[in-house]
$ cat data_10.cif   # mmCIF, C-alpha atoms
data_input
#
loop_
_atom_site.label_atom_id
_atom_site.label_comp_id
_atom_site.auth_asym_id
_atom_site.auth_seq_id
_atom_site.Cartn_x
_atom_site.Cartn_y
_atom_site.Cartn_z
CA MET T 24 20.06 18.77 9.36
CA ALA T 25 19.48 19.59 5.69
CA GLU T 26 17.28 22.56 4.96
CA ASN T 27 14.91 20.52 2.80
CA PRO T 28 15.27 16.90 3.92
CA VAL T 29 12.31 15.44 2.11
CA ILE T 30 13.48 15.80 -1.49
CA LYS T 31 15.25 12.68 -2.73
CA SER T 32 15.93 11.02 -6.04
CA GLU T 33 13.25 8.59 -7.13
CA ILE T 34 14.16 4.96 -7.68
CA ARG T 35 12.36 4.13 -10.91
CA SER T 36 12.42 0.37 -10.48
CA LEU T 37 10.61 0.66 -7.12
CA THR T 38 7.93 2.86 -8.69
CA GLY T 39 7.53 0.28 -11.44
CA LEU T 40 7.38 -2.52 -8.87
CA ARG T 41 4.48 -0.72 -7.18
CA GLY T 42 2.76 -0.38 -10.57
CA ALA T 43 3.13 -4.09 -11.36
CA ALA T 44 1.73 -4.96 -7.93
CA ALA T 45 -1.21 -2.57 -8.35
CA VAL T 46 -2.17 -4.12 -11.69
CA PHE T 47 -1.95 -7.59 -10.14
CA VAL T 48 -4.29 -6.46 -7.34
CA VAL T 49 -6.79 -5.20 -9.92
CA PHE T 50 -6.78 -8.54 -11.74
CA TYR T 51 -7.00 -10.35 -8.40
CA HIS T 52 -10.12 -8.46 -7.30
CA ALA T 53 -11.64 -8.75 -10.75
CA LEU T 54 -11.10 -12.42 -11.55
CA HIS T 55 -9.77 -14.54 -8.67
CA ALA T 56 -13.27 -15.70 -7.70
CA GLY T 57 -14.19 -16.46 -11.30
CA PRO T 58 -12.80 -19.11 -13.67
CA ALA T 59 -10.75 -21.87 -12.04
CA LEU T 60 -7.56 -20.99 -13.92
CA ALA T 61 -7.86 -17.33 -12.90
CA GLY T 62 -8.34 -18.40 -9.30
CA LEU T 63 -5.20 -20.53 -9.49
CA LEU T 64 -3.09 -17.73 -10.97
CA LEU T 65 -4.53 -14.80 -9.03
CA GLY T 66 -5.88 -16.31 -5.83
CA ARG T 67 -3.11 -14.97 -3.62
CA GLY T 68 -2.96 -11.49 -5.09
CA TYR T 69 -3.68 -10.07 -1.65
CA LEU T 70 0.06 -10.48 -1.01
CA CYS T 71 0.75 -7.56 -3.33
CA VAL T 72 -0.66 -5.32 -0.59
CA ASP T 73 2.06 -6.65 1.73
CA LEU T 74 4.54 -5.65 -0.97
CA PHE T 75 2.99 -2.15 -0.83
CA PHE T 76 3.57 -2.02 2.93
CA VAL T 77 7.25 -3.02 2.67
CA LEU T 78 7.77 -0.58 -0.21
CA SER T 79 6.08 2.18 1.75
CA GLY T 80 8.36 1.66 4.75
CA TYR T 81 11.42 1.84 2.51
CA VAL T 82 10.23 4.95 0.65
CA MET T 83 9.27 6.72 3.89
CA ALA T 84 12.78 6.10 5.22
CA LEU T 85 14.28 7.29 1.93
CA ASN T 86 12.32 10.54 1.93
CA TYR T 87 11.63 11.42 5.55
CA LYS T 88 14.08 9.70 7.90
CA THR T 89 16.23 12.81 8.21
CA LEU T 90 13.28 14.69 9.71
CA PHE T 91 13.80 12.46 12.74
CA ALA T 92 17.56 11.92 12.51
CA ASP T 93 18.21 13.57 15.88
CA GLY T 94 15.13 12.23 17.59
CA GLY T 95 12.92 14.63 15.68
CA SER T 96 10.69 17.36 16.99
CA PHE T 97 6.97 17.89 17.21
CA PRO T 98 6.98 20.47 14.36
CA ASN T 99 8.82 17.95 12.15
CA TYR T 100 6.32 15.27 13.12
CA LEU T 101 3.44 17.56 12.13
CA LYS T 102 5.27 18.40 8.91
CA PHE T 103 5.64 14.72 8.08
CA LEU T 104 1.97 13.98 8.79
CA GLY T 105 0.93 16.99 6.75
CA LEU T 106 2.98 15.87 3.77
CA ARG T 107 1.57 12.35 3.98
CA LEU T 108 -1.97 13.63 4.39
CA ALA T 109 -1.53 15.83 1.33
CA ARG T 110 -0.28 12.79 -0.58
CA ILE T 111 -3.10 10.39 0.23
CA TYR T 112 -6.15 12.33 1.36
CA PRO T 113 -7.49 14.46 -1.54
CA LEU T 114 -8.08 11.50 -3.87
CA TYR T 115 -9.15 9.32 -0.94
CA PHE T 116 -11.75 11.93 0.04
CA VAL T 117 -13.17 12.26 -3.48
CA ILE T 118 -13.43 8.49 -3.93
CA LEU T 119 -15.06 8.16 -0.49
CA LEU T 120 -17.74 10.69 -1.47
CA LEU T 121 -18.27 8.95 -4.80
CA THR T 122 -18.57 5.45 -3.32
CA THR T 123 -20.89 6.67 -0.56
CA ALA T 124 -23.12 8.26 -3.21
CA LEU T 125 -23.11 5.09 -5.33
CA VAL T 126 -24.08 3.00 -2.31
CA SER T 127 -26.78 5.47 -1.29
CA VAL T 128 -28.55 5.21 -4.66
CA GLY T 129 -28.13 1.43 -4.81
CA ALA T 130 -25.68 1.47 -7.72
CA MET T 131 -22.93 -0.25 -5.74
CA PRO T 132 -23.21 -3.05 -3.15
CA LEU T 133 -21.86 -2.64 0.36
CA TYR T 134 -20.16 -5.39 2.35
CA ASP T 135 -19.56 -5.72 6.11
CA VAL T 136 -20.75 -2.19 6.89
CA PRO T 137 -23.38 -2.20 9.67
CA ASN T 138 -24.32 1.47 9.32
CA LEU T 139 -23.48 3.59 6.27
CA MET T 140 -23.60 6.97 8.04
CA ALA T 141 -21.42 5.83 10.95
CA ALA T 142 -19.03 4.14 8.52
CA PHE T 143 -18.76 7.35 6.51
CA TRP T 144 -17.45 9.30 9.50
CA TRP T 145 -15.01 6.53 10.46
CA ASN T 146 -13.79 6.31 6.86
CA LEU T 147 -13.51 10.10 6.69
CA SER T 148 -11.18 10.02 9.70
CA LEU T 149 -9.00 7.26 8.18
CA MET T 150 -9.53 5.20 11.34
CA GLN T 151 -12.00 2.59 10.08
CA GLY T 152 -9.31 -0.07 9.88
CA TRP T 153 -8.29 0.24 13.54
CA SER T 154 -10.64 -2.51 14.82
CA PHE T 155 -13.72 -0.36 15.49
CA GLY T 156 -15.91 -2.55 13.28
CA ALA T 157 -17.17 0.30 11.09
CA GLY T 158 -16.27 -1.37 7.80
CA ASN T 159 -14.81 0.05 4.57
CA ILE T 160 -17.15 1.80 2.16
CA ASN T 161 -14.45 1.39 -0.47
CA LEU T 162 -13.12 -2.10 0.23
CA ALA T 163 -9.62 -1.20 -0.93
CA ALA T 164 -9.40 1.61 1.64
CA TRP T 165 -8.60 -0.74 4.53
CA SER T 166 -4.90 -0.58 3.65
CA ILE T 167 -4.94 3.23 3.48
CA SER T 168 -6.39 3.34 7.00
CA THR T 169 -3.86 0.88 8.41
CA GLU T 170 -0.97 2.63 6.70
CA TRP T 171 -2.07 5.89 8.30
CA SER T 172 -1.47 4.17 11.65
CA ALA T 173 2.08 3.36 10.49
CA TYR T 174 2.61 7.04 9.63
CA LEU T 175 1.46 8.01 13.12
CA LEU T 176 3.99 5.57 14.58
CA PHE T 177 6.76 6.61 12.20
CA PRO T 178 9.03 8.44 14.72
CA ILE T 179 8.90 5.46 17.09
CA LEU T 180 9.66 2.99 14.30
CA VAL T 181 12.51 5.14 13.00
CA ALA T 182 14.01 5.32 16.50
CA ALA T 183 13.73 1.55 16.88
CA VAL T 184 15.52 0.86 13.59
CA PHE T 185 18.02 3.72 13.23
CA SER T 186 18.99 4.92 16.70
CA ALA T 187 21.20 1.97 17.66
CA SER T 188 23.53 -0.59 16.10
CA GLN T 189 22.87 -2.68 13.03
CA ALA T 190 22.14 -5.55 15.37
CA ARG T 191 19.07 -3.65 16.56
CA ALA T 192 17.93 -3.29 12.94
CA TRP T 193 18.29 -7.05 12.38
CA LEU T 194 16.30 -7.59 15.58
CA MET T 195 13.52 -5.28 14.36
CA GLY T 196 13.42 -7.19 11.06
CA ALA T 197 13.10 -10.46 12.97
CA LEU T 198 10.34 -8.93 15.10
CA ALA T 199 8.41 -7.89 11.97
CA ILE T 200 8.65 -11.43 10.60
CA ILE T 201 7.54 -12.91 13.95
CA VAL T 202 4.46 -10.65 13.93
CA LEU T 203 3.59 -11.83 10.42
CA ILE T 204 4.05 -15.46 11.47
CA ALA T 205 1.76 -14.87 14.47
CA ILE T 206 -0.90 -13.42 12.15
CA ALA T 207 -0.56 -16.44 9.87
CA ILE T 208 -1.13 -18.73 12.87
CA VAL T 209 -4.15 -16.79 14.16
CA ALA T 210 -5.84 -16.21 10.78
CA PRO T 211 -7.24 -19.74 10.25
CA ARG T 212 -8.92 -19.52 13.65
CA ILE T 213 -10.70 -16.29 12.71
CA PHE T 214 -12.05 -17.11 9.27
CA PRO T 215 -14.30 -20.07 8.44
CA ALA T 216 -12.63 -22.57 6.13
CA GLY T 217 -14.68 -21.45 3.12
CA GLU T 218 -13.68 -17.79 3.57
CA PHE T 219 -10.00 -18.29 4.36
CA GLU T 220 -7.89 -17.14 1.40
CA GLY T 221 -4.46 -17.42 2.95
CA PRO T 222 -2.32 -16.83 6.05
CA LEU T 223 -1.96 -13.06 5.55
CA ALA T 224 -5.36 -12.34 3.97
CA ILE T 225 -6.37 -10.19 6.95
CA PHE T 226 -8.19 -6.96 6.13
CA GLY T 227 -11.23 -6.73 8.41
CA THR T 228 -12.14 -3.89 10.75
CA GLN T 229 -13.32 -5.98 13.70
CA ASP T 230 -9.85 -6.59 15.16
CA PRO T 231 -6.37 -5.00 15.01
CA LEU T 232 -4.73 -7.77 12.97
CA ALA T 233 -4.84 -5.74 9.76
CA VAL T 234 -2.99 -2.92 11.53
CA PHE T 235 -0.36 -5.37 12.80
CA ARG T 236 -0.01 -6.78 9.28
CA CYS T 237 0.60 -3.32 7.86
CA VAL T 238 2.97 -2.07 10.57
CA ALA T 239 5.03 -5.27 10.38
CA GLY T 240 5.49 -4.87 6.63
CA PHE T 241 6.21 -1.16 7.02
CA LEU T 242 8.82 -1.91 9.71
CA LEU T 243 10.45 -4.45 7.41
CA GLY T 244 10.77 -1.74 4.76
CA LEU T 245 12.54 0.54 7.25
CA VAL T 246 14.93 -2.30 8.08
CA VAL T 247 15.69 -2.77 4.37
CA TYR T 248 16.70 0.89 4.15
CA ARG T 249 18.91 0.62 7.25
CA LEU T 250 20.70 -2.53 6.06
CA GLN T 251 21.05 -1.75 2.35
CA ASN T 252 24.63 -0.44 2.71
CA THR T 253 25.86 -3.26 4.93
CA GLN T 254 27.99 -6.21 3.89
CA PHE T 255 24.78 -8.17 3.38
CA GLY T 256 23.39 -5.44 1.13
CA ASP T 257 26.64 -5.41 -0.85
CA TRP T 258 26.43 -9.17 -1.30
CA LEU T 259 22.79 -9.03 -2.38
CA GLY T 260 23.45 -6.32 -4.95
CA ALA T 261 26.75 -7.70 -6.24
CA ARG T 262 25.30 -9.69 -9.14
CA PRO T 263 22.41 -8.54 -11.37
CA ILE T 264 21.22 -12.13 -11.79
CA THR T 265 20.26 -12.13 -8.10
CA GLY T 266 17.40 -9.71 -8.76
CA ASP T 267 16.11 -11.75 -11.67
CA LEU T 268 16.17 -14.92 -9.57
CA LEU T 269 14.39 -13.18 -6.67
CA ALA T 270 11.68 -11.89 -9.02
CA ALA T 271 11.20 -15.38 -10.46
CA LEU T 272 10.96 -16.86 -6.97
CA LEU T 273 8.33 -14.28 -5.98
CA VAL T 274 6.22 -15.37 -8.94
CA VAL T 275 6.49 -18.95 -7.68
CA PHE T 276 5.71 -18.00 -4.07
CA ILE T 277 2.58 -16.05 -5.03
CA LEU T 278 1.27 -19.17 -6.76
CA VAL T 279 2.11 -21.67 -4.02
CA PRO T 280 -0.19 -21.82 -0.96
CA SER T 281 1.15 -21.20 2.55
CA THR T 282 4.26 -19.33 1.42
CA ASP T 283 2.97 -15.89 2.46
CA ILE T 284 5.77 -15.13 4.93
CA VAL T 285 8.44 -16.28 2.50
CA PHE T 286 6.90 -14.04 -0.16
CA VAL T 287 7.04 -10.96 2.07
CA VAL T 288 10.67 -11.65 3.03
CA GLY T 289 11.44 -12.15 -0.65
CA CYS T 290 9.88 -8.75 -1.40
CA ALA T 291 12.18 -7.13 1.15
CA LEU T 292 15.23 -8.81 -0.40
CA LEU T 293 14.17 -7.80 -3.92
CA ILE T 294 13.76 -4.17 -2.85
CA MET T 295 17.22 -4.21 -1.27
CA HIS T 296 18.63 -5.63 -4.49
CA LEU T 297 16.85 -3.16 -6.78
CA VAL T 298 18.31 -0.14 -5.01
CA ARG T 299 21.84 -1.56 -5.23
CA SER T 300 22.09 -3.21 -8.65
CA THR T 301 20.88 -3.08 -12.24
CA SER T 302 19.32 -6.30 -13.46
CA ALA T 303 16.93 -7.30 -16.22
CA VAL T 304 13.99 -7.08 -13.83
CA SER T 305 15.17 -3.65 -12.66
CA THR T 306 15.32 -2.42 -16.25
CA LEU T 307 11.86 -3.80 -16.96
CA LEU T 308 10.33 -2.25 -13.85
CA GLY T 309 11.88 1.12 -14.66
CA SER T 310 10.69 1.09 -18.28
CA GLY T 311 8.14 3.57 -19.58
CA VAL T 312 4.78 1.80 -19.32
CA VAL T 313 5.53 -0.08 -16.09
CA TYR T 314 6.96 3.06 -14.49
CA TYR T 315 3.88 5.07 -15.48
CA LEU T 316 1.63 2.40 -13.96
CA GLY T 317 3.60 2.90 -10.76
CA THR T 318 3.09 6.65 -10.99
CA ILE T 319 -0.70 6.24 -11.18
CA SER T 320 -0.82 3.18 -8.92
CA TYR T 321 -2.48 4.94 -5.98
CA SER T 322 -5.27 6.22 -8.23
CA LEU T 323 -5.63 2.79 -9.82
CA TYR T 324 -5.81 1.14 -6.41
CA LEU T 325 -8.55 3.43 -5.11
CA VAL T 326 -10.76 3.54 -8.21
CA HIS T 327 -10.79 -0.11 -9.24
CA VAL T 328 -13.05 -1.59 -6.54
CA PRO T 329 -15.89 0.95 -6.99
CA VAL T 330 -15.66 0.45 -10.75
CA LEU T 331 -15.79 -3.34 -10.46
CA LEU T 332 -18.63 -3.46 -7.93
CA THR T 333 -20.76 -0.90 -9.78
CA LEU T 334 -20.38 -2.77 -13.06
CA ARG T 335 -21.20 -6.09 -11.43
CA ARG T 336 -24.35 -4.66 -9.86
CA PHE T 337 -25.44 -3.27 -13.24
CA PHE T 338 -24.61 -6.47 -15.11
CA ASP T 339 -26.55 -8.48 -12.51
CA THR T 340 -29.67 -6.37 -13.08
CA GLN T 341 -29.38 -7.01 -16.82
CA GLY T 342 -28.69 -10.73 -16.46
CA TRP T 343 -25.33 -10.33 -18.17
CA PRO T 344 -22.24 -12.48 -17.36
CA TRP T 345 -20.24 -11.68 -14.24
CA THR T 346 -16.93 -12.34 -16.00
CA ALA T 347 -17.77 -9.78 -18.69
CA ALA T 348 -18.37 -7.18 -15.99
CA SER T 349 -15.01 -8.01 -14.42
CA LEU T 350 -13.08 -7.78 -17.69
CA LEU T 351 -14.76 -4.49 -18.57
CA GLY T 352 -14.01 -3.28 -15.04
CA ILE T 353 -10.30 -3.90 -15.55
CA VAL T 354 -10.32 -1.84 -18.76
CA ILE T 355 -12.34 1.02 -17.24
CA SER T 356 -10.17 1.07 -14.10
CA LEU T 357 -7.02 1.34 -16.19
CA ALA T 358 -8.65 4.15 -18.18
CA CYS T 359 -9.94 6.03 -15.14
CA ALA T 360 -6.71 5.88 -13.13
CA PRO T 361 -4.77 8.41 -15.28
CA ILE T 362 -7.76 10.77 -15.17
CA ALA T 363 -7.97 10.49 -11.39
CA TYR T 364 -4.21 10.97 -11.09
CA HIS T 365 -3.85 14.01 -13.33
CA PHE T 366 -7.10 15.80 -12.43
CA ILE T 367 -7.66 14.89 -8.76
CA GLU T 368 -4.61 13.32 -7.09
CA VAL T 369 -1.89 15.72 -8.28
CA PRO T 370 -3.88 18.99 -8.08
CA GLY T 371 -5.33 17.91 -4.73
CA ARG T 372 -1.87 17.17 -3.37
CA LYS T 373 -0.54 20.55 -4.47
CA ALA T 374 -3.55 22.39 -3.06
CA MET T 375 -3.40 20.61 0.27
CA ARG T 376 0.34 21.19 0.61
CA ALA T 377 -0.23 24.88 -0.05
CA LEU T 378 -3.03 24.91 2.53
CA LEU T 379 -0.94 23.16 5.17
CA SER T 380 2.20 25.23 4.47
CA PRO T 381 1.05 28.82 3.90
CA ARG T 382 3.69 31.24 2.77
CA ARG T 383 4.93 33.67 5.34
CA PRO T 384 4.31 37.31 4.47
CA ALA T 385 7.40 39.09 3.22
CA ARG T 386 9.05 41.48 5.65
CA THR T 387 8.85 45.15 4.75
#
$ encode --input "data_10.cif" --output "structure tokens"
Amino acid sequence: MAENPVIKSEIRSLTGLRGAAAVFVVFYHALHAGPALAGLLLGRGYLCVDLFFVLSGYVMALNYKTLFADGGSFPNYLKFLGLRLARIYPLYFVILLLTTALVSVGAMPLYDVPNLMAAFWWNLSLMQGWSFGAGNINLAAWSISTEWSAYLLFPILVAAVFSASQARAWLMGALAIIVLIAIAIVAPRIFPAGEFEGPLAIFGTQDPLAVFRCVAGFLLGLVVYRLQNTQFGDWLGARPITGDLLAALLVVFILVPSTDIVFVVGCALLIMHLVRSTSAVSTLLGSGVVYYLGTISYSLYLVHVPVLLTLRRFFDTQGWPWTAASLLGIVISLACAPIAYHFIEVPGRKAMRALLSPRRPART
């Protein structure tokens, strides 16, 4: 096993893809319930979170699979969890404190949270999304909680995808898709017709469906990594035009109702293509601005909901237009994300890694 198995080359187009998806999510939360045209164009933006899950599975395999190449060990498992905790928790913790404070003083509304104090402790533990009904103080944090469950299951998922033949990997991919189809079947029976946004728009904390949604997408990302160097992967990456066509189809699928499962499968295929071939869409996603948006995407994702909800509450008290609050919220979120990234996320990650991996004293 390599001495330092977690350092890999970054795939710029995948970082840019995450940035494009994060910006789409911001516009979705800001405007999809507003003007009719915005609702038509953005109304299924929740699917970008499924893209995050598939991307996360792929990137975790890219960076950490070798920690478990021989079945892994408990120290390697703790190392993996420590590295992931250092990546996500410092900024998450700061935003949780901020949103709790905003709610406490009445500056930000709270939705589907029965008890703020109880919810705070569940959110602090990253377990609020595991069907305990606590609710999310920061509405966007549901996906962080469910993805933490995927990290906890990572050695099992790696064993399922990588420890046997390619046929097993194909089977795991089919299983992930079947789980997503099952969620799409169950979802209309859970939500009243007026609240149902789409087959995979599952993000509540009352049941485990959001966890299943996340783990299925994450598993699909692992399968993409396993199959990228197969004959199928070669065929998919053989022609650059394939990536451009896949990207165009994803734009169509995100606009057309009831194509959620097809969209997620298309995301998996696009990721497999991007890591194998250079296309126009790959070049665009790896370009400066889009790539930087991907770099700050986690900060953007966590800050945008508190910004939007706080502005809407303030605009409501002044009798000002809701749409104006949403548009201003987009601008402020995009401005705050680099600040959060450079001054909280990155320093927090470095500090937590140092805390979790103290240097051994030199021998004398």
$ resolve_selection --input "data_10.cif" --expression "the PyMOL selection byres ((chain T and resi 236-250) around 9)" --output "MDAnalysis selection string"
chainID T and resid 72:85 166 169:170 172:173 176 180:181 184:185 189 192:193 195:203 206 223 225:226 231:235 251:256 287:288 291:292 294:295
$ write_last_selection --input "data_10.cif" --atoms "C-alpha atoms" --output "tab-separated table (two decimals), in the coordinates of the input"
chain	number	residue	atom	x	y	z
T	72	VAL	CA	-0.66	-5.32	-0.59
T	73	ASP	CA	2.06	-6.65	1.73
T	74	LEU	CA	4.54	-5.65	-0.97
T	75	PHE	CA	2.99	-2.15	-0.83
T	76	PHE	CA	3.57	-2.02	2.93
T	77	VAL	CA	7.25	-3.02	2.67
T	78	LEU	CA	7.77	-0.58	-0.21
T	79	SER	CA	6.08	2.18	1.75
T	80	GLY	CA	8.36	1.66	4.75
T	81	TYR	CA	11.42	1.84	2.51
T	82	VAL	CA	10.23	4.95	0.65
T	83	MET	CA	9.27	6.72	3.89
T	84	ALA	CA	12.78	6.10	5.22
T	85	LEU	CA	14.28	7.29	1.93
T	166	SER	CA	-4.90	-0.58	3.65
T	169	THR	CA	-3.86	0.88	8.41
T	170	GLU	CA	-0.97	2.63	6.70
T	172	SER	CA	-1.47	4.17	11.65
T	173	ALA	CA	2.08	3.36	10.49
T	176	LEU	CA	3.99	5.57	14.58
T	180	LEU	CA	9.66	2.99	14.30
T	181	VAL	CA	12.51	5.14	13.00
T	184	VAL	CA	15.52	0.86	13.59
T	185	PHE	CA	18.02	3.72	13.23
T	189	GLN	CA	22.87	-2.68	13.03
T	192	ALA	CA	17.93	-3.29	12.94
T	193	TRP	CA	18.29	-7.05	12.38
T	195	MET	CA	13.52	-5.28	14.36
T	196	GLY	CA	13.42	-7.19	11.06
T	197	ALA	CA	13.10	-10.46	12.97
T	198	LEU	CA	10.34	-8.93	15.10
T	199	ALA	CA	8.41	-7.89	11.97
T	200	ILE	CA	8.65	-11.43	10.60
T	201	ILE	CA	7.54	-12.91	13.95
T	202	VAL	CA	4.46	-10.65	13.93
T	203	LEU	CA	3.59	-11.83	10.42
T	206	ILE	CA	-0.90	-13.42	12.15
T	223	LEU	CA	-1.96	-13.06	5.55
T	225	ILE	CA	-6.37	-10.19	6.95
T	226	PHE	CA	-8.19	-6.96	6.13
T	231	PRO	CA	-6.37	-5.00	15.01
T	232	LEU	CA	-4.73	-7.77	12.97
T	233	ALA	CA	-4.84	-5.74	9.76
T	234	VAL	CA	-2.99	-2.92	11.53
T	235	PHE	CA	-0.36	-5.37	12.80
T	251	GLN	CA	21.05	-1.75	2.35
T	252	ASN	CA	24.63	-0.44	2.71
T	253	THR	CA	25.86	-3.26	4.93
T	254	GLN	CA	27.99	-6.21	3.89
T	255	PHE	CA	24.78	-8.17	3.38
T	256	GLY	CA	23.39	-5.44	1.13
T	287	VAL	CA	7.04	-10.96	2.07
T	288	VAL	CA	10.67	-11.65	3.03
T	291	ALA	CA	12.18	-7.13	1.15
T	292	LEU	CA	15.23	-8.81	-0.40
T	294	ILE	CA	13.76	-4.17	-2.85
T	295	MET	CA	17.22	-4.21	-1.27
$ residues_around --input "data_10.cif" --residues "segment 158-165 of chain T" --least-positions-apart "3" --cutoff "7 Å" --atoms "all atoms listed in the file" --output "list in words"
Leu119, Thr122, Thr123, Leu133, Asp135, Val136, Ala142, Asn146, Gln151, Gly152, Ser168, Thr169, Phe226, Thr228, Leu325, Val328 and Pro329 of chain T
$ residues_around --input "data_10.cif" --residues "Ser310 of chain T" --least-positions-apart "4" --cutoff "8 Å" --atoms "all atoms listed in the file" --output "PDB file with C-alpha atoms, keeping the file's coordinate frame"
ATOM      1  CA  GLY T  39       7.530   0.280 -11.440  1.00  0.00           C
ATOM      2  CA  THR T 306      15.320  -2.420 -16.250  1.00  0.00           C
ATOM      3  CA  TYR T 314       6.960   3.060 -14.490  1.00  0.00           C
TER       4      TYR T 314
END
$ residues_around --input "data_10.cif" --residues "Tyr315 of chain T" --least-positions-apart "2" --cutoff "10 Å" --atoms "all atoms listed in the file" --output "PDB file with C-alpha atoms, keeping the file's coordinate frame"
ATOM      1  CA  ARG T  35      12.360   4.130 -10.910  1.00  0.00           C
ATOM      2  CA  THR T  38       7.930   2.860  -8.690  1.00  0.00           C
ATOM      3  CA  GLY T  39       7.530   0.280 -11.440  1.00  0.00           C
ATOM      4  CA  GLY T  42       2.760  -0.380 -10.570  1.00  0.00           C
ATOM      5  CA  LEU T 308      10.330  -2.250 -13.850  1.00  0.00           C
ATOM      6  CA  GLY T 309      11.880   1.120 -14.660  1.00  0.00           C
ATOM      7  CA  SER T 310      10.690   1.090 -18.280  1.00  0.00           C
ATOM      8  CA  GLY T 311       8.140   3.570 -19.580  1.00  0.00           C
ATOM      9  CA  VAL T 312       4.780   1.800 -19.320  1.00  0.00           C
ATOM     10  CA  VAL T 313       5.530  -0.080 -16.090  1.00  0.00           C
ATOM     11  CA  GLY T 317       3.600   2.900 -10.760  1.00  0.00           C
ATOM     12  CA  THR T 318       3.090   6.650 -10.990  1.00  0.00           C
ATOM     13  CA  ILE T 319      -0.700   6.240 -11.180  1.00  0.00           C
ATOM     14  CA  SER T 320      -0.820   3.180  -8.920  1.00  0.00           C
ATOM     15  CA  PRO T 361      -4.770   8.410 -15.280  1.00  0.00           C
TER      16      PRO T 361
END
$ atom_distance --input "data_10.cif" --atom1 "atom CA of Arg110 of chain T" --atom2 "atom CA of Phe97 of chain T"
19.9 Å
$ atom_distance --input "data_10.cif" --atom1 "atom CA of Val279 of chain T" --atom2 "atom CA of Pro211 of chain T"
17.2 Å
$ residues_near_point --input "data_10.cif" --point "(-5.8, -16.6, -4.5)" --cutoff "8 Å" --atoms "only C-alpha atoms" --output "ChimeraX atom specification"
/T:51,55,62-69,220-221,278
$ closest_residue --input "data_10.cif" --among "T:Thr282, T:Leu108, T:Ala207, T:Leu316" --to "Leu378 of chain T" --atoms "all atoms listed in the file"
T:Leu108
$ atom_distance --input "data_10.cif" --atom1 "atom CA of Pro263 of chain T" --atom2 "atom CA of Cys71 of chain T"
23.1 Å
$ residues_around --input "data_10.cif" --residues "Ala377 of chain T" --least-positions-apart "6" --cutoff "12 Å" --atoms "all atoms listed in the file" --output "list in words"
Gly105, Leu106, Ala109, Pro370, Gly371 and Arg383 of chain T
$ residues_around --input "data_10.cif" --residues "Gly94 of chain T" --least-positions-apart "6" --cutoff "9 Å" --atoms "all atoms listed in the file" --output "PyMOL selection string"
chain T and resi 178+181-182+186
$ write_last_selection --input "data_10.cif" --atoms "C-alpha atoms" --output "PDB file, in the frame of the given file"
ATOM      1  CA  PRO T 178       9.030   8.440  14.720  1.00  0.00           C
ATOM      2  CA  VAL T 181      12.510   5.140  13.000  1.00  0.00           C
ATOM      3  CA  ALA T 182      14.010   5.320  16.500  1.00  0.00           C
ATOM      4  CA  SER T 186      18.990   4.920  16.700  1.00  0.00           C
TER       5      SER T 186
END
$ closest_residue --input "data_10.cif" --among "T:His327, T:Lys373, T:Arg299, T:Arg191" --to "Ser356 of chain T" --atoms "all atoms listed in the file"
T:His327
$ resolve_selection --input "data_10.cif" --expression "the PyMOL selection byres ((chain T and resi 303) around 8)" --output "list in words"
Pro263, Ile264, Gly266, Asp267, Thr301, Ser302, Val304, Ser305, Thr306 and Leu307 of chain T
